[in-house]
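Listing of model_32.txt; format and content: compact mmCIF, C-alpha atoms.
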# COMPACT_ATOMS: atom_id res chain seq x y z
CA MET L 10 42.20 5.04 44.96
CA PHE L 11 39.68 7.81 44.40
CA ARG L 12 41.39 8.83 41.16
CA ARG L 13 41.42 5.30 39.76
CA SER L 14 37.69 4.68 40.43
CA SER L 15 36.82 8.10 38.98
CA VAL L 16 38.74 7.32 35.79
CA LEU L 17 37.13 3.88 35.54
CA ARG L 18 33.66 5.38 36.04
CA ARG L 19 34.24 7.89 33.21
CA ALA L 20 35.55 5.14 30.91
CA ARG L 21 32.51 2.93 31.62
CA CYS L 22 30.13 5.84 30.95
CA THR L 23 31.87 6.59 27.65
CA ILE L 24 31.59 2.95 26.55
CA VAL L 25 27.89 2.78 27.53
CA VAL L 26 27.10 6.01 25.66
CA ALA L 27 28.95 4.73 22.59
CA LEU L 28 27.06 1.42 22.69
CA VAL L 29 23.66 3.09 23.11
CA THR L 30 24.40 5.57 20.33
CA GLY L 31 25.71 2.85 18.02
CA THR L 32 22.71 0.55 18.43
CA ALA L 33 19.97 3.20 18.34
CA ILE L 34 20.31 3.83 14.58
CA PRO L 35 18.83 0.94 12.53
CA ALA L 36 20.45 1.87 9.22
CA ALA L 37 23.43 3.88 8.03
CA ALA L 38 21.42 6.39 5.96
CA ASN L 39 17.94 7.22 4.78
CA PRO L 40 17.24 5.36 1.53
CA VAL L 41 16.69 7.14 -1.77
CA ALA L 42 14.84 5.57 -4.68
CA ALA L 43 15.13 6.20 -8.38
CA ILE L 44 11.73 5.60 -9.95
CA ARG L 45 11.33 5.33 -13.72
CA VAL L 46 7.97 5.21 -15.44
CA SER L 47 8.27 4.02 -19.02
CA ASN L 48 5.64 4.14 -21.72
CA ALA L 49 6.40 1.19 -23.98
CA SER L 50 3.19 1.69 -25.97
CA THR L 51 3.17 2.65 -29.63
CA ALA L 52 -0.52 3.55 -29.40
CA PHE L 53 -0.99 6.08 -26.57
CA ASP L 54 0.62 8.63 -24.26
CA LEU L 55 0.51 8.25 -20.47
CA SER L 56 -0.91 10.88 -18.16
CA TYR L 57 -0.25 11.11 -14.42
CA ALA L 58 -3.41 10.48 -12.38
CA ALA L 59 -2.35 10.36 -8.72
CA SER L 60 0.32 9.42 -6.21
CA ALA L 61 0.28 8.41 -2.59
CA SER L 62 2.95 7.51 -0.11
CA THR L 63 3.15 5.84 3.26
CA LEU L 64 5.80 4.90 5.79
CA GLY L 65 7.72 8.16 5.43
CA GLY L 66 8.23 8.38 1.68
CA TYR L 67 7.21 11.15 -0.66
CA VAL L 68 7.12 11.49 -4.43
CA THR L 69 8.60 14.32 -6.48
CA SER L 70 9.15 14.35 -10.22
CA ASP L 71 12.41 15.43 -11.77
CA ASN L 72 10.14 16.98 -14.41
CA ALA L 73 7.72 18.93 -12.21
CA PRO L 74 4.84 19.19 -12.68
CA LEU L 75 4.39 15.51 -13.44
CA ALA L 76 4.68 15.33 -17.18
CA THR L 77 2.72 13.41 -19.78
CA ILE L 78 4.87 10.51 -20.91
CA ALA L 79 4.83 10.27 -24.68
CA ARG L 80 4.84 6.95 -26.52
CA GLN L 81 8.15 5.11 -26.34
CA SER L 82 9.58 7.50 -23.71
CA ALA L 83 10.08 7.65 -19.94
CA ASP L 84 9.91 10.00 -16.95
CA ALA L 85 12.16 9.95 -13.87
CA PHE L 86 11.16 10.40 -10.25
CA THR L 87 13.13 10.82 -7.06
CA ILE L 88 11.73 9.31 -3.89
CA ALA L 89 13.26 10.33 -0.59
CA SER L 90 12.69 8.82 2.83
CA ALA L 91 12.11 10.62 6.09
CA SER L 92 12.99 7.40 7.90
CA ALA L 93 15.88 5.01 7.65
CA GLN L 94 13.48 2.13 8.24
CA ALA L 95 10.92 2.32 5.44
CA LEU L 96 9.96 3.89 2.12
CA ALA L 97 6.77 3.17 0.22
CA GLY L 98 4.39 4.75 -2.23
CA GLU L 99 2.06 4.43 -5.16
CA LEU L 100 1.81 6.02 -8.60
CA ILE L 101 -1.21 5.86 -10.89
CA TYR L 102 -0.99 6.50 -14.63
CA ARG L 103 -3.66 6.36 -17.32
CA ALA L 104 -3.58 6.04 -21.06
CA ALA L 105 -4.13 9.61 -22.28
CA GLY L 106 -7.68 9.98 -23.56
CA ASP L 107 -8.72 6.59 -22.16
CA PRO L 108 -9.19 6.67 -18.36
CA THR L 109 -10.31 3.01 -18.33
CA ARG L 110 -6.72 1.95 -19.03
CA GLU L 111 -5.03 2.64 -15.73
CA CYS L 112 -1.88 1.25 -14.10
CA THR L 113 -1.29 1.31 -10.36
CA PHE L 114 2.38 0.95 -9.44
CA ARG L 115 3.41 0.27 -5.83
CA TYR L 116 6.83 0.03 -4.17
CA THR L 117 7.79 -0.79 -0.59
CA LEU L 118 11.19 -0.86 1.09
CA VAL L 119 11.36 -2.14 4.68
CA TYR L 120 14.36 -2.39 6.98
CA THR L 121 13.96 -5.64 8.96
CA GLY L 122 16.68 -4.89 11.49
CA ALA L 123 19.31 -6.86 9.62
CA ARG L 124 18.67 -6.09 5.94
CA TYR L 125 16.44 -4.20 3.51
CA VAL L 126 13.55 -5.95 1.75
CA LEU L 127 12.17 -4.40 -1.46
CA ALA L 128 8.86 -5.21 -3.15
CA GLY L 129 7.24 -3.78 -6.27
CA VAL L 130 3.76 -4.40 -7.63
CA ALA L 131 2.12 -3.35 -10.90
CA ARG L 132 -1.62 -3.76 -11.43
CA ALA L 133 -3.71 -2.93 -14.49
CA SER L 134 -7.36 -1.90 -14.27
CA TRP L 135 -8.24 -3.86 -17.41
CA THR L 136 -7.41 -7.09 -19.21
CA GLY L 137 -6.13 -7.47 -22.73
CA GLN L 138 -3.02 -6.70 -24.71
CA VAL L 139 -1.93 -3.69 -22.64
CA ALA L 140 -0.06 -4.60 -19.45
CA CYS L 141 1.72 -3.05 -16.48
CA THR L 142 5.06 -4.43 -15.29
CA VAL L 143 7.57 -3.66 -12.57
CA THR L 144 11.29 -4.46 -12.24
CA THR L 145 13.49 -3.66 -9.26
CA THR L 146 17.23 -3.19 -8.81
CA GLY L 147 18.77 -3.29 -5.36
CA PRO L 148 18.40 -2.39 -2.64
CA ASP L 149 21.91 -1.30 -1.73
CA LYS L 150 22.90 -3.37 1.33
CA ALA L 151 24.34 -0.46 3.31
CA LYS L 152 22.03 2.47 2.50
CA GLY L 153 18.92 0.84 1.08
CA ASP L 154 19.00 2.87 -2.15
CA PHE L 155 17.12 1.18 -5.01
CA THR L 156 15.68 1.63 -8.49
CA VAL L 157 12.21 0.64 -9.63
CA THR L 158 11.11 0.74 -13.27
CA PHE L 159 7.39 0.70 -13.94
CA THR L 160 6.33 0.07 -17.54
CA MET L 161 2.93 0.40 -19.19
CA LYS L 162 2.71 -1.23 -22.60
What would you get if you wrote out this structure as structure tokens?
Amino acid sequence: MFRRSSVLRRARCTIVVALVTGTAIPAAANPVAAIRVSNASTAFDLSYAASASTLGGYVTSDNAPLATIARQSADAFTIASASAQALAGELIYRAAGDPTRECTFRYTLVYTGARYVLAGVARASWTGQVACTVTTTGPDKAKGDFTVTFTMK
């Protein structure tokens, strides 16, 4: 009798620990983002102005230090998350030699408890022919990985 209840107690504890461990992690892995900044202009180069991040994300360039993006070319960035639940940040680029032409690019990935939700925003500091755009791909349903392409043209 003592042996049977001891074995049952150990089995119950193992199941409880497995359940608690299995439900404590909201996502399978920390998301990673591939960020592309493209200069579609034929008139000017882009220069990096600033970056900011919130919700556990940080920005690093594959071409450190952050390079000037020549006309009709692109730069690649890797964004890593310290949290499986969220990843967000902001990049600001200016037309080289013309600081009044500035694009602010924002991205946000949030884990809602059941799925990832990705948003991207591009805002220009001026009006006219030059514009800022954003396109997103993903996020991956299991890991949350995604790609964002920001374009200034």
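Taking CA of Asp84 in chain L and CA of Trp135 in chain L as endpoints, the distance between them is 22.8 Å.
If you look at CA of Gly153 in chain L and CA of Tyr57 in chain L, they are 26.7 Å away from each other.
When CA of Ala42 in chain L is paired with CA of Ala95 in chain L, their separation reads 11.3 Å.
Shortest atom-to-atom contact with Val157 in chain L among L:Val119, L:Ala97, L:Ile78, L:Ala105: L:Ala97, counting only C-alpha atoms.
Distance annotation: of L:Lys150, L:Ala49, L:Phe159, L:Ser90, the residue with the minimal separation from Tyr125 in chain L is L:Lys150; atom set is all atoms listed in the file.
Using all atoms listed in the file for every distance, the candidate list L:Phe114, L:Phe53, L:Phe86, L:Phe155 yields L:Phe155 as the residue closest to Val126 in chain L.
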Problem set entry | Distance query Ala58 in chain L at most 9 Å, all atoms listed in the file, self and fewer than 2 positions along chain excluded, as a list in words | Ser56, Ser60, Leu100, Ile101, Tyr102, Arg103 and Glu111 of chain L
Problem set entry | Shortest interatomic distance to Val143 in chain L - which of L:Val130, L:Leu96, L:Arg80, L:Thr117, counting all atoms listed in the file | L:Val130
Near-Ala104 in chain L list (6 Å; only C-alpha atoms; drop same-chain fewer than 4 positions) as a PDB file with C-alpha atoms, keeping the file's coordinate frame:
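Output contents, as saved in out.pdb:
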ATOM      1  CA  ASP L  54       0.620   8.630 -24.260  1.00  0.00           C
ATOM      2  CA  LEU L  55       0.510   8.250 -20.470  1.00  0.00           C
ATOM      3  CA  ARG L 110      -6.720   1.950 -19.030  1.00  0.00           C
TER       4      ARG L 110
END
For this session: For Ala128 in chain L, please output as number ranges by chain all residues within 8 Å (counting only C-alpha atoms; exclusion window: fewer than 6 positions along the same chain).
Result: L: 116-118, 145
For this session: Could you tell me which of L:Ala76, L:Ala89, L:Met161, L:Ala131 comes closest to Ala52 in chain L if we count all atoms listed in the file?
Result: L:Met161
